[in-house]
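Asks: The following file, upload-v4.csv, comprises CSV, C-alpha atoms and all ligand atoms:
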```csv
chain,number,residue,atom,x,y,z
A,1,MET,CA,-6.5,-80.7,-98.7
A,2,LYS,CA,-4.2,-81.7,-95.8
A,3,VAL,CA,-5.5,-82.4,-92.3
A,4,PRO,CA,-2.9,-81.5,-89.8
A,5,PHE,CA,-2.5,-83.6,-86.6
A,6,LEU,CA,-2.7,-80.5,-84.4
A,7,ASP,CA,-2.6,-76.9,-85.6
A,8,ILE,CA,-1.6,-74.9,-82.5
A,9,GLY,CA,-1.2,-71.8,-84.6
A,10,ARG,CA,-4.8,-71.9,-85.8
A,11,LEU,CA,-6.0,-72.6,-82.2
A,12,HIS,CA,-4.2,-69.6,-80.9
A,13,GLN,CA,-5.7,-67.3,-83.6
A,14,THR,CA,-9.1,-67.9,-81.9
A,15,ILE,CA,-7.9,-66.1,-78.8
A,16,ARG,CA,-5.2,-63.9,-80.4
A,17,GLY,CA,-6.4,-60.7,-78.7
A,18,GLN,CA,-6.3,-62.2,-75.2
A,19,LEU,CA,-2.8,-63.7,-75.8
A,20,ASP,CA,-1.5,-60.3,-77.1
A,21,GLU,CA,-3.0,-58.6,-74.1
A,22,ALA,CA,-1.3,-61.1,-71.7
A,23,TYR,CA,2.0,-60.5,-73.4
A,24,SER,CA,1.6,-56.7,-73.1
A,25,ARG,CA,0.7,-56.9,-69.5
A,26,VAL,CA,3.9,-58.8,-68.6
A,27,MET,CA,6.1,-56.7,-70.9
A,28,ASP,CA,4.8,-53.4,-69.4
A,29,SER,CA,5.1,-54.7,-65.8
A,30,GLY,CA,8.9,-55.4,-66.3
A,31,TRP,CA,8.5,-58.4,-63.8
A,32,PHE,CA,9.2,-61.8,-65.3
A,33,ILE,CA,9.7,-64.5,-62.6
A,34,MET,CA,7.7,-65.2,-59.4
A,35,GLY,CA,5.2,-62.4,-59.7
A,36,PRO,CA,1.4,-61.5,-59.8
A,37,GLU,CA,0.6,-63.5,-63.0
A,38,LEU,CA,1.9,-66.7,-61.4
A,39,GLU,CA,0.1,-66.1,-58.2
A,40,ALA,CA,-3.2,-65.4,-60.0
A,41,PHE,CA,-2.7,-68.4,-62.3
A,42,GLU,CA,-2.0,-70.7,-59.4
A,43,SER,CA,-5.2,-69.7,-57.6
A,44,GLU,CA,-7.3,-69.9,-60.8
A,45,PHE,CA,-5.9,-73.3,-61.8
A,46,ALA,CA,-6.4,-74.7,-58.2
A,47,ALA,CA,-10.0,-73.5,-58.3
A,48,PHE,CA,-10.5,-75.1,-61.7
A,49,SER,CA,-9.0,-78.3,-60.6
A,50,GLU,CA,-10.9,-78.4,-57.3
A,51,VAL,CA,-7.8,-78.5,-55.1
A,52,LYS,CA,-6.4,-76.3,-52.4
A,53,HIS,CA,-2.9,-75.7,-53.8
A,54,CYS,CA,-1.4,-75.2,-57.2
A,55,VAL,CA,2.4,-74.7,-57.5
A,56,GLY,CA,3.7,-73.6,-60.9
A,57,VAL,CA,7.0,-75.3,-62.0
A,58,GLY,CA,9.2,-75.4,-65.1
A,59,ASN,CA,7.6,-78.4,-66.8
A,60,GLY,CA,5.6,-81.6,-66.3
A,61,LEU,CA,8.6,-83.8,-65.6
A,62,GLU,CA,9.8,-81.4,-62.9
A,63,ALA,CA,6.3,-81.4,-61.4
A,64,LEU,CA,6.4,-85.2,-60.9
A,65,HIS,CA,10.1,-85.2,-59.8
A,66,LEU,CA,9.7,-82.4,-57.2
A,67,LEU,CA,6.6,-84.1,-55.8
A,68,LEU,CA,8.5,-87.4,-55.3
A,69,ARG,CA,11.3,-85.4,-53.7
A,70,ALA,CA,8.8,-83.6,-51.5
A,71,TYR,CA,7.5,-87.0,-50.3
A,72,GLY,CA,11.1,-88.1,-49.6
A,73,VAL,CA,11.2,-90.8,-52.3
A,74,GLY,CA,14.8,-91.8,-53.0
A,75,ALA,CA,17.4,-94.5,-53.4
A,76,GLY,CA,16.2,-98.0,-52.6
A,77,ASP,CA,12.5,-97.0,-53.0
A,78,GLU,CA,10.2,-98.4,-55.7
A,79,VAL,CA,7.4,-96.5,-57.4
A,80,ILE,CA,4.7,-98.3,-59.5
A,81,VAL,CA,4.1,-96.8,-62.9
A,82,PRO,CA,2.2,-97.8,-66.0
A,83,SER,CA,4.2,-99.9,-68.6
A,84,ASN,CA,2.7,-97.8,-71.4
A,85,THR,CA,3.3,-94.1,-70.8
A,86,PHE,CA,5.4,-91.2,-72.0
A,87,ILE,CA,8.9,-91.6,-70.6
A,88,ALA,CA,8.6,-88.7,-68.2
A,89,THR,CA,6.5,-90.7,-65.7
A,90,TRP,CA,9.4,-93.2,-65.4
A,91,LEU,CA,12.2,-90.6,-65.5
A,92,ALA,CA,10.7,-88.6,-62.6
A,93,VAL,CA,11.1,-91.8,-60.5
A,94,SER,CA,14.6,-92.6,-61.8
A,95,GLN,CA,15.8,-89.0,-61.1
A,96,CYS,CA,15.1,-89.5,-57.4
A,97,GLY,CA,17.3,-92.6,-57.4
A,98,ALA,CA,14.2,-94.8,-57.0
A,99,LYS,CA,13.2,-97.7,-59.3
A,100,PRO,CA,10.1,-97.5,-61.6
A,101,VAL,CA,8.1,-100.7,-61.3
A,102,PRO,CA,5.9,-101.1,-64.4
A,103,VAL,CA,2.4,-102.5,-64.3
A,104,GLU,CA,0.5,-103.4,-67.5
A,105,PRO,CA,-2.6,-101.6,-68.7
A,106,ASP,CA,-6.2,-102.7,-69.0
A,107,ILE,CA,-6.6,-103.7,-72.7
A,108,LYS,CA,-9.8,-101.8,-73.0
A,109,THR,CA,-9.0,-98.5,-71.3
A,110,HIS,CA,-5.2,-98.3,-72.0
A,111,ASN,CA,-4.8,-97.2,-68.4
A,112,ILE,CA,-3.0,-99.0,-65.6
A,113,HIS,CA,-4.9,-102.1,-64.6
A,114,PRO,CA,-5.9,-101.7,-60.9
A,115,ALA,CA,-6.1,-105.5,-60.4
A,116,LEU,CA,-2.5,-106.0,-61.5
A,117,ILE,CA,-1.0,-103.5,-59.0
A,118,ALA,CA,-1.2,-105.6,-55.8
A,119,ALA,CA,1.3,-108.2,-57.2
A,120,ALA,CA,3.8,-105.4,-57.9
A,121,ILE,CA,3.9,-104.1,-54.3
A,122,THR,CA,7.0,-105.0,-52.3
A,123,PRO,CA,8.3,-103.8,-48.9
A,124,ARG,CA,10.2,-101.1,-50.8
A,125,THR,CA,7.2,-99.7,-52.6
A,126,ARG,CA,6.5,-96.0,-51.7
A,127,ALA,CA,4.1,-94.7,-54.2
A,128,ILE,CA,1.8,-95.5,-57.2
A,129,MET,CA,1.7,-93.1,-60.1
A,130,PRO,CA,-1.3,-93.7,-62.4
A,131,VAL,CA,-1.4,-91.7,-65.6
A,132,HIS,CA,-4.6,-90.4,-67.1
A,133,LEU,CA,-3.4,-91.5,-70.6
A,134,TYR,CA,-4.8,-89.8,-73.7
A,135,GLY,CA,-7.1,-87.7,-71.5
A,136,GLN,CA,-9.0,-90.7,-70.1
A,137,PRO,CA,-9.1,-90.9,-66.3
A,138,ALA,CA,-7.5,-94.0,-64.7
A,139,ASP,CA,-9.8,-96.0,-62.4
A,140,MET,CA,-8.7,-94.2,-59.2
A,141,ASP,CA,-11.0,-95.7,-56.5
A,142,PRO,CA,-9.4,-99.2,-56.4
A,143,ILE,CA,-6.0,-97.6,-56.7
A,144,ASN,CA,-6.6,-95.3,-53.7
A,145,GLU,CA,-8.0,-98.2,-51.7
A,146,LEU,CA,-5.0,-100.4,-52.4
A,147,ALA,CA,-2.6,-97.5,-51.5
A,148,GLN,CA,-4.4,-96.9,-48.3
A,149,LYS,CA,-4.2,-100.5,-47.3
A,150,HIS,CA,-0.4,-100.6,-47.9
A,151,GLY,CA,0.4,-97.1,-46.7
A,152,LEU,CA,1.4,-95.8,-50.2
A,153,ILE,CA,1.3,-92.3,-51.7
A,154,VAL,CA,-0.8,-91.8,-54.9
A,155,ILE,CA,0.6,-89.3,-57.3
A,156,GLU,CA,-1.4,-88.7,-60.5
A,157,ASP,CA,0.3,-87.9,-63.7
A,158,ALA,CA,-2.4,-85.6,-65.1
A,159,ALA,CA,-0.3,-84.1,-67.9
A,160,GLN,CA,-2.7,-85.3,-70.6
A,161,ALA,CA,-6.0,-84.7,-68.8
A,162,GLN,CA,-6.5,-81.1,-67.7
A,163,GLY,CA,-10.3,-80.8,-67.1
A,164,ALA,CA,-11.2,-84.5,-67.2
A,165,ARG,CA,-13.5,-85.9,-64.5
A,166,TYR,CA,-13.6,-89.2,-62.7
A,167,LYS,CA,-17.0,-89.9,-61.1
A,168,GLY,CA,-17.7,-86.2,-61.4
A,169,ARG,CA,-14.5,-85.1,-59.8
A,170,ARG,CA,-11.6,-83.4,-61.6
A,171,VAL,CA,-8.5,-85.5,-62.2
A,172,GLY,CA,-5.5,-84.1,-60.5
A,173,SER,CA,-7.5,-83.9,-57.3
A,174,LEU,CA,-8.0,-87.6,-56.8
A,175,GLY,CA,-4.8,-88.8,-55.1
A,176,HIS,CA,-2.4,-87.3,-52.5
A,177,ALA,CA,-1.0,-85.0,-55.2
A,178,SER,CA,-0.7,-84.7,-59.0
A,179,GLY,CA,1.7,-83.3,-61.5
A,180,THR,CA,0.7,-81.7,-64.8
A,181,SER,CA,2.3,-80.3,-67.9
A,182,PHE,CA,1.7,-77.2,-70.0
A,183,TYR,CA,3.8,-78.3,-72.9
A,184,PRO,CA,2.3,-76.5,-75.9
A,185,GLY,CA,0.6,-79.5,-77.4
A,186,LYS,CA,-1.3,-80.4,-74.1
A,187,ASN,CA,-5.0,-79.5,-73.7
A,188,LEU,CA,-3.9,-76.6,-71.6
A,189,GLY,CA,-0.6,-75.6,-73.2
A,190,ALA,CA,1.7,-72.7,-72.7
A,191,LEU,CA,3.7,-70.9,-75.5
A,192,GLY,CA,6.7,-72.7,-74.2
A,193,ASP,CA,7.5,-75.1,-71.3
A,194,GLY,CA,5.5,-75.2,-68.1
A,195,GLY,CA,4.0,-77.4,-65.4
A,196,ALA,CA,2.3,-77.5,-62.1
A,197,VAL,CA,1.8,-79.5,-58.9
A,198,LEU,CA,-1.7,-79.8,-57.4
A,199,THR,CA,-2.4,-81.0,-53.9
A,200,ASN,CA,-4.7,-80.5,-50.9
A,201,ASP,CA,-1.7,-81.1,-48.6
A,202,ASP,CA,-0.3,-77.9,-47.1
A,203,ALA,CA,3.1,-79.3,-46.1
A,204,ILE,CA,3.7,-80.9,-49.5
A,205,ALA,CA,2.7,-77.6,-51.3
A,206,SER,CA,5.1,-75.7,-49.1
A,207,LYS,CA,7.9,-78.1,-49.7
A,208,VAL,CA,7.5,-78.0,-53.5
A,209,ARG,CA,7.4,-74.2,-53.3
A,210,LEU,CA,10.8,-74.4,-51.6
A,211,LEU,CA,12.2,-77.0,-54.0
A,212,ARG,CA,11.3,-75.1,-57.2
A,213,ASN,CA,13.1,-72.0,-56.1
A,214,TYR,CA,16.5,-72.9,-54.8
A,215,GLY,CA,15.1,-74.1,-51.5
A,216,SER,CA,14.3,-70.5,-50.7
A,217,THR,CA,11.3,-68.4,-49.8
A,218,ILE,CA,13.3,-65.5,-48.4
A,219,LYS,CA,15.8,-64.1,-50.9
A,220,TYR,CA,19.3,-65.5,-50.4
A,221,GLN,CA,18.2,-67.7,-47.6
A,222,HIS,CA,18.3,-71.4,-48.6
A,223,ASP,CA,16.6,-74.0,-46.3
A,224,LEU,CA,16.9,-76.9,-48.8
A,225,ALA,CA,19.3,-77.8,-51.6
A,226,GLY,CA,16.6,-77.0,-54.1
A,227,TYR,CA,16.2,-76.7,-57.9
A,228,ASN,CA,15.5,-73.9,-60.3
A,229,SER,CA,12.1,-75.0,-61.8
A,230,ARG,CA,9.7,-72.1,-62.0
A,231,LEU,CA,6.7,-71.2,-64.2
A,232,ASP,CA,7.5,-67.7,-65.6
A,233,GLU,CA,5.2,-64.7,-65.6
A,234,LEU,CA,4.8,-64.7,-69.4
A,235,GLN,CA,3.7,-68.4,-69.5
A,236,ALA,CA,1.4,-67.9,-66.5
A,237,ALA,CA,-0.2,-64.9,-68.2
A,238,PHE,CA,-0.8,-67.0,-71.4
A,239,LEU,CA,-2.1,-69.9,-69.4
A,240,ARG,CA,-4.6,-67.6,-67.6
A,241,ALA,CA,-6.0,-66.6,-71.0
A,242,LYS,CA,-6.2,-70.2,-72.2
A,243,LEU,CA,-7.7,-71.5,-68.9
A,244,LYS,CA,-10.8,-69.4,-69.5
A,245,VAL,CA,-11.6,-71.3,-72.7
A,246,LEU,CA,-10.3,-74.8,-71.6
A,247,ASP,CA,-13.7,-76.3,-70.8
A,248,GLU,CA,-15.1,-75.0,-74.1
A,249,TRP,CA,-12.1,-76.5,-76.0
A,250,ASN,CA,-12.5,-79.8,-74.2
A,251,ALA,CA,-16.2,-79.9,-75.0
A,252,ARG,CA,-15.3,-79.4,-78.7
A,253,ARG,CA,-12.8,-82.3,-78.4
A,254,ARG,CA,-15.6,-84.4,-77.0
A,255,GLU,CA,-17.8,-83.7,-80.0
A,256,ILE,CA,-15.0,-84.6,-82.4
A,257,ALA,CA,-14.3,-87.8,-80.5
A,258,ALA,CA,-18.0,-88.7,-80.6
A,259,SER,CA,-18.1,-88.1,-84.4
A,260,TYR,CA,-15.0,-90.3,-84.9
A,261,SER,CA,-16.5,-93.1,-82.7
A,262,THR,CA,-19.8,-93.0,-84.6
A,263,MET,CA,-18.4,-92.8,-88.1
A,264,LEU,CA,-15.6,-95.3,-87.5
A,265,ASP,CA,-17.8,-97.9,-85.9
A,266,GLY,CA,-17.4,-101.2,-87.7
A,267,SER,CA,-14.2,-100.0,-89.5
A,268,GLY,CA,-12.2,-103.0,-88.3
A,269,ASN,CA,-10.1,-100.9,-85.9
A,270,GLU,CA,-10.1,-101.0,-82.1
A,271,LEU,CA,-11.7,-97.7,-81.1
A,272,PRO,CA,-11.3,-95.9,-77.7
A,273,PHE,CA,-13.4,-97.3,-74.9
A,274,VAL,CA,-14.9,-94.9,-72.3
A,275,PRO,CA,-15.9,-96.5,-69.0
A,276,GLU,CA,-19.0,-95.2,-67.1
A,277,TYR,CA,-16.9,-93.4,-64.5
A,278,ALA,CA,-15.0,-91.4,-67.0
A,279,GLU,CA,-15.5,-88.0,-68.6
A,280,PRO,CA,-12.4,-87.8,-70.8
A,281,VAL,CA,-10.9,-84.7,-72.4
A,282,TRP,CA,-9.5,-86.4,-75.5
A,283,HIS,CA,-6.0,-85.2,-75.5
A,284,LEU,CA,-5.6,-87.8,-78.1
A,285,TYR,CA,-8.0,-90.0,-80.1
A,286,VAL,CA,-6.1,-93.3,-80.3
A,287,ILE,CA,-7.2,-96.3,-82.4
A,288,ARG,CA,-5.4,-99.7,-82.7
A,289,SER,CA,-4.8,-101.7,-85.8
A,290,GLU,CA,-2.7,-104.8,-86.4
A,291,ARG,CA,-1.8,-103.2,-89.7
A,292,ARG,CA,-0.9,-99.9,-88.1
A,293,ASP,CA,2.2,-99.0,-90.2
A,294,ALA,CA,0.3,-99.6,-93.5
A,295,LEU,CA,-2.7,-97.7,-92.2
A,296,LYS,CA,-0.5,-94.7,-91.2
A,297,ALA,CA,1.1,-94.7,-94.7
A,298,HIS,CA,-2.3,-94.9,-96.3
A,299,LEU,CA,-3.6,-91.9,-94.3
A,300,GLU,CA,-0.5,-89.9,-95.0
A,301,LYS,CA,-1.1,-90.4,-98.8
A,302,ALA,CA,-4.7,-89.2,-98.2
A,303,GLY,CA,-3.4,-86.0,-96.6
A,304,VAL,CA,-4.1,-87.1,-93.0
A,305,SER,CA,-1.3,-86.6,-90.5
A,306,THR,CA,-1.2,-89.1,-87.6
A,307,VAL,CA,1.2,-89.6,-84.7
A,308,ILE,CA,2.2,-92.8,-82.7
A,309,HIS,CA,1.9,-92.4,-78.9
A,310,TYR,CA,4.3,-94.1,-78.3
A,311,PRO,CA,6.4,-96.2,-80.7
A,312,THR,CA,8.7,-97.6,-78.0
A,313,PRO,CA,7.7,-98.4,-74.5
A,314,PRO,CA,10.0,-97.0,-71.7
A,315,ASN,CA,11.4,-100.5,-70.8
A,316,GLN,CA,12.8,-100.8,-74.3
A,317,GLN,CA,14.4,-97.4,-74.4
A,318,ALA,CA,18.2,-97.3,-74.5
A,319,CYS,CA,18.2,-95.2,-71.3
A,320,TYR,CA,16.9,-98.2,-69.4
A,321,ALA,CA,19.2,-100.8,-71.0
A,322,GLY,CA,20.5,-103.1,-68.3
A,323,PHE,CA,17.4,-102.7,-66.1
A,324,MET,CA,15.3,-105.8,-65.5
A,325,PHE,CA,11.6,-105.0,-65.9
A,326,GLY,CA,10.3,-108.5,-66.8
A,327,GLN,CA,7.9,-109.2,-69.7
A,328,LEU,CA,5.6,-106.4,-70.7
A,329,PRO,CA,3.7,-107.9,-73.7
A,330,ILE,CA,0.7,-105.5,-73.6
A,331,ALA,CA,2.8,-102.4,-73.6
A,332,GLU,CA,4.8,-103.8,-76.5
A,333,GLN,CA,1.7,-104.8,-78.4
A,334,PHE,CA,0.2,-101.3,-77.9
A,335,ALA,CA,3.4,-99.7,-79.2
A,336,SER,CA,3.1,-101.7,-82.4
A,337,GLU,CA,-0.7,-101.0,-82.9
A,338,VAL,CA,-1.6,-97.5,-81.6
A,339,LEU,CA,-2.3,-94.6,-83.9
A,340,SER,CA,-3.5,-91.1,-82.9
A,341,LEU,CA,-5.9,-89.5,-85.4
A,342,PRO,CA,-5.9,-85.7,-85.8
A,343,MET,CA,-7.4,-84.0,-82.7
A,344,SER,CA,-7.7,-80.3,-82.0
A,345,PRO,CA,-10.6,-78.0,-81.0
A,346,THR,CA,-10.3,-76.3,-84.4
A,347,LEU,CA,-10.9,-79.5,-86.4
A,348,CYS,CA,-13.9,-78.8,-88.7
A,349,GLY,CA,-16.6,-81.2,-90.0
A,350,ARG,CA,-15.0,-81.4,-93.5
A,351,GLU,CA,-11.7,-82.4,-91.9
A,352,ILE,CA,-13.3,-85.1,-89.7
A,353,ARG,CA,-15.1,-86.5,-92.7
A,354,GLN,CA,-11.8,-86.6,-94.6
A,355,VAL,CA,-10.1,-88.5,-91.8
A,356,VAL,CA,-13.0,-91.0,-91.6
A,357,ASP,CA,-13.1,-91.5,-95.3
A,358,ALA,CA,-9.4,-92.1,-95.4
A,359,VAL,CA,-9.6,-94.7,-92.6
A,360,ARG,CA,-12.5,-96.5,-94.2
A,361,SER,CA,-10.9,-96.5,-97.7
A,362,PHE,CA,-8.0,-98.4,-96.1
A,363,ASP,CA,-10.4,-101.2,-95.0
A,364,GLU,CA,-11.8,-101.4,-98.5
A,365,ASP,CA,-8.3,-102.0,-99.9
A,366,ARG,CA,-7.9,-105.2,-97.9
B,401,LIG,C1,3.8,-84.4,-71.5
B,401,LIG,C2,3.9,-85.4,-70.4
B,401,LIG,C3,4.7,-85.3,-69.3
B,401,LIG,C4,5.8,-84.3,-69.2
B,401,LIG,O1,5.6,-83.1,-69.4
B,401,LIG,P1,6.8,-82.1,-69.9
B,401,LIG,O2,6.2,-80.7,-69.6
B,401,LIG,O3,7.0,-82.3,-71.4
B,401,LIG,O4,8.0,-82.3,-69.1
B,401,LIG,C5,4.6,-86.3,-68.3
B,401,LIG,N1,3.7,-87.3,-68.4
B,401,LIG,C6,2.9,-87.4,-69.5
B,401,LIG,C7,2.0,-88.6,-69.5
B,401,LIG,C8,3.0,-86.5,-70.5
B,401,LIG,O5,2.2,-86.7,-71.6
```
What is this file in structure tokens?

Replies:
Amino acid sequence: MKVPFLDIGRLHQTIRGQLDEAYSRVMDSGWFIMGPELEAFESEFAAFSEVKHCVGVGNGLEALHLLLRAYGVGAGDEVIVPSNTFIATWLAVSQCGAKPVPVEPDIKTHNIHPALIAAAITPRTRAIMPVHLYGQPADMDPINELAQKHGLIVIEDAAQAQGARYKGRRVGSLGHASGTSFYPGKNLGALGDGGAVLTNDDAIASKVRLLRNYGSTIKYQHDLAGYNSRLDELQAAFLRAKLKVLDEWNARRREIAASYSTMLDGSGNELPFVPEYAEPVWHLYVIRSERRDALKAHLEKAGVSTVIHYPTPPNQQACYAGFMFGQLPIAEQFASEVLSLPMSPTLCGREIRQVVDAVRSFDEDR
């Protein structure tokens, strides 16, 4: 039997009726962009995330990019980002003409190390963008404190952590604003691309609303040279259906992660560490092994699909050739050691057992 890394098709079957109904509602309405489904989703997701404003946009990268634009970040500015993240965090900064300044992660949490940020702050620094990597909240209190001291903006990249909590509060509500992604594989995924900005700041929410829609709120009147980056009615309707079960799906992910952590204890791999302040949502369950490539091949042979998040850190990507980012040994070490085990709310006990047995049989081979 094969264990898929993530079977979105199977997940959607569990709410097939609700998704079909969402499709029919939009189809019958004949209204596809900037309508009642988007408005309803924005207010429902804002309430879920415990913030005042949600602004739906085209995808997660655009959520972060439009936010930086709304804050006026541009050429000559610097933005602090994690050295180990999906490239979108960095690209949002680059697209504004600003410079991403990487800071290395805490070895235990994989999230940006708050104690290393101060040394990266210069007179050009405008913002800090922590990422809640793999669904684990970053340590936000010291980051916010530092930002306040230096007059910096904090923008959370919450793309992997919808529903997670930090000291009881939802991620995405912890900085000045946050960007999230509804890419299909995310914990709250659309049936296509989608994203959103969350903030308690009225002015920033209004600015992003302008920027996402050609700089316009009144048809054919353009106040800003904006973009076309909107969350369409169909995706908003699907997201409304999935938001209703998100907490339940995240709870199931937590159970699966707990099973992995118990059953893989002592297996010789570095297992995820959960700090006391964190209630993660396990977008990914990531282990580390010095023999990662051999382990991955062994699992594949045992029918277990795994993925590497991510095999090449942003500083080593061709698109950043010629940039000087300095030494980032931890990001590079992680890239060679991380391995994401199958994770999906539909994973059953038999599949979990198969994954665990496969990992453990690799150790016995040594
Ligand atoms: C998925 C993701 C994004 C970007 O989302 P898209 O919708 O694919 O543009 C940004 N940051 C992180 C950490 C992500 O995982």

Asks: For A:Ala241, which residue out of A:Leu188, A:Val307, A:Val274, A:Leu66 is the nearest one, using only C-alpha atoms?

Replies: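 For A:Ala241, the nearest of the candidates is A:Leu188.
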
Asks: Given only C-alpha atoms and all ligand atoms as the basis, pick out the residue of A:Asp193, A:Glu332, A:Glu279, A:Asp201 nearest to ligand LIG 401 (chain B).

Replies: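 Closest candidate: A:Asp193.
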
Asks: Work out how far atom CA of A:Met34 is from atom CA of A:Glu62, in Å to one decimal.

Replies: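 Between atom CA of A:Glu62 and atom CA of A:Met34 the gap works out to 16.7 Å.
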
Asks: Kindly compile the residues surrounding ligand LIG 401 (chain B) within 9 Å, counting only C-alpha atoms and all ligand atoms, and format them as a PDB file with C-alpha atoms, keeping the file's coordinate frame.

Replies:
```pdb
ATOM      1  CA  GLY A  58       9.200 -75.400 -65.100  1.00  0.00           C
ATOM      2  CA  ASN A  59       7.600 -78.400 -66.800  1.00  0.00           C
ATOM      3  CA  GLY A  60       5.600 -81.600 -66.300  1.00  0.00           C
ATOM      4  CA  LEU A  61       8.600 -83.800 -65.600  1.00  0.00           C
ATOM      5  CA  GLU A  62       9.800 -81.400 -62.900  1.00  0.00           C
ATOM      6  CA  ALA A  63       6.300 -81.400 -61.400  1.00  0.00           C
ATOM      7  CA  LEU A  64       6.400 -85.200 -60.900  1.00  0.00           C
ATOM      8  CA  THR A  85       3.300 -94.100 -70.800  1.00  0.00           C
ATOM      9  CA  PHE A  86       5.400 -91.200 -72.000  1.00  0.00           C
ATOM     10  CA  ILE A  87       8.900 -91.600 -70.600  1.00  0.00           C
ATOM     11  CA  ALA A  88       8.600 -88.700 -68.200  1.00  0.00           C
ATOM     12  CA  THR A  89       6.500 -90.700 -65.700  1.00  0.00           C
ATOM     13  CA  TRP A  90       9.400 -93.200 -65.400  1.00  0.00           C
ATOM     14  CA  ALA A  92      10.700 -88.600 -62.600  1.00  0.00           C
ATOM     15  CA  VAL A 131      -1.400 -91.700 -65.600  1.00  0.00           C
ATOM     16  CA  HIS A 132      -4.600 -90.400 -67.100  1.00  0.00           C
ATOM     17  CA  LEU A 133      -3.400 -91.500 -70.600  1.00  0.00           C
ATOM     18  CA  TYR A 134      -4.800 -89.800 -73.700  1.00  0.00           C
ATOM     19  CA  ASP A 157       0.300 -87.900 -63.700  1.00  0.00           C
ATOM     20  CA  ALA A 158      -2.400 -85.600 -65.100  1.00  0.00           C
ATOM     21  CA  ALA A 159      -0.300 -84.100 -67.900  1.00  0.00           C
ATOM     22  CA  GLN A 160      -2.700 -85.300 -70.600  1.00  0.00           C
ATOM     23  CA  ALA A 161      -6.000 -84.700 -68.800  1.00  0.00           C
ATOM     24  CA  GLY A 179       1.700 -83.300 -61.500  1.00  0.00           C
ATOM     25  CA  THR A 180       0.700 -81.700 -64.800  1.00  0.00           C
ATOM     26  CA  SER A 181       2.300 -80.300 -67.900  1.00  0.00           C
ATOM     27  CA  PHE A 182       1.700 -77.200 -70.000  1.00  0.00           C
ATOM     28  CA  TYR A 183       3.800 -78.300 -72.900  1.00  0.00           C
ATOM     29  CA  PRO A 184       2.300 -76.500 -75.900  1.00  0.00           C
ATOM     30  CA  GLY A 185       0.600 -79.500 -77.400  1.00  0.00           C
ATOM     31  CA  LYS A 186      -1.300 -80.400 -74.100  1.00  0.00           C
ATOM     32  CA  ASP A 193       7.500 -75.100 -71.300  1.00  0.00           C
ATOM     33  CA  GLY A 194       5.500 -75.200 -68.100  1.00  0.00           C
ATOM     34  CA  GLY A 195       4.000 -77.400 -65.400  1.00  0.00           C
TER      35      GLY A 195
END
```

Asks: Show which residues sit within 8 Å of A:Pro114, as a list in words. Count only C-alpha atoms, and ignore same-chain residues fewer than 4 positions away.

Replies: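 Near neighbours after the sequence-gap exclusion: Ala118, Asp139, Pro142 and Ile143 of chain A.
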
Asks: Place a sphere of radius 12 Å on (-16.2, -75.8, -68.2) in the file coordinates and name every protein, DNA or RNA residue with an atom inside or on its surface, counting all atoms listed in the file; give the answer as a PyMOL selection string.

Replies: chain A and resi 47-49+162-165+170+243-252+281

Asks: Just checking: using all atoms listed in the file, which residue out of A:Asp223, A:Asp202, A:Glu300, A:Asp141 ends up closest to A:Leu174?

Replies: A:Asp141

Asks: Rounded to one decimal, what separation in Å do you get between atom CA of A:Asn228 and atom CA of A:Gln95?

Replies: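 Answer for the atom CA of A:Asn228 to atom CA of A:Gln95 separation: 15.1 Å.
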
Asks: For A:Ile155, please output as a PyMOL selection string all residues within 8 Å (counting only C-alpha atoms; exclusion window: fewer than 3 positions along the same chain).

Replies: chain A and resi 64+127-130+175-179

Asks: For stretch 207-211 of chain A, work out the shell of residues within 12 Å, counting all atoms listed in the file and skipping chain neighbours fewer than 3 positions away, then give it as a short mmCIF file (atom, residue, chain, number, x, y, z; two decimals) with C-alpha atoms, keeping the file's coordinate frame.

Replies:
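Result saved to selection_11.cif:
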```cif
data_model
loop_
_atom_site.label_atom_id
_atom_site.label_comp_id
_atom_site.auth_asym_id
_atom_site.auth_seq_id
_atom_site.Cartn_x
_atom_site.Cartn_y
_atom_site.Cartn_z
CA MET A 34 7.70 -65.20 -59.40
CA GLU A 39 0.10 -66.10 -58.20
CA GLU A 42 -2.00 -70.70 -59.40
CA HIS A 53 -2.90 -75.70 -53.80
CA CYS A 54 -1.40 -75.20 -57.20
CA VAL A 55 2.40 -74.70 -57.50
CA GLY A 56 3.70 -73.60 -60.90
CA VAL A 57 7.00 -75.30 -62.00
CA GLY A 58 9.20 -75.40 -65.10
CA GLU A 62 9.80 -81.40 -62.90
CA ALA A 63 6.30 -81.40 -61.40
CA LEU A 64 6.40 -85.20 -60.90
CA HIS A 65 10.10 -85.20 -59.80
CA LEU A 66 9.70 -82.40 -57.20
CA LEU A 67 6.60 -84.10 -55.80
CA LEU A 68 8.50 -87.40 -55.30
CA ARG A 69 11.30 -85.40 -53.70
CA ALA A 70 8.80 -83.60 -51.50
CA TYR A 71 7.50 -87.00 -50.30
CA GLY A 72 11.10 -88.10 -49.60
CA ALA A 177 -1.00 -85.00 -55.20
CA SER A 178 -0.70 -84.70 -59.00
CA GLY A 179 1.70 -83.30 -61.50
CA ALA A 196 2.30 -77.50 -62.10
CA VAL A 197 1.80 -79.50 -58.90
CA LEU A 198 -1.70 -79.80 -57.40
CA THR A 199 -2.40 -81.00 -53.90
CA ASP A 201 -1.70 -81.10 -48.60
CA ASP A 202 -0.30 -77.90 -47.10
CA ALA A 203 3.10 -79.30 -46.10
CA ILE A 204 3.70 -80.90 -49.50
CA TYR A 214 16.50 -72.90 -54.80
CA GLY A 215 15.10 -74.10 -51.50
CA SER A 216 14.30 -70.50 -50.70
CA THR A 217 11.30 -68.40 -49.80
CA ILE A 218 13.30 -65.50 -48.40
CA LYS A 219 15.80 -64.10 -50.90
CA GLN A 221 18.20 -67.70 -47.60
CA HIS A 222 18.30 -71.40 -48.60
CA ASP A 223 16.60 -74.00 -46.30
CA LEU A 224 16.90 -76.90 -48.80
CA ALA A 225 19.30 -77.80 -51.60
CA GLY A 226 16.60 -77.00 -54.10
CA TYR A 227 16.20 -76.70 -57.90
CA ASN A 228 15.50 -73.90 -60.30
CA SER A 229 12.10 -75.00 -61.80
CA ARG A 230 9.70 -72.10 -62.00
CA LEU A 231 6.70 -71.20 -64.20
#
```
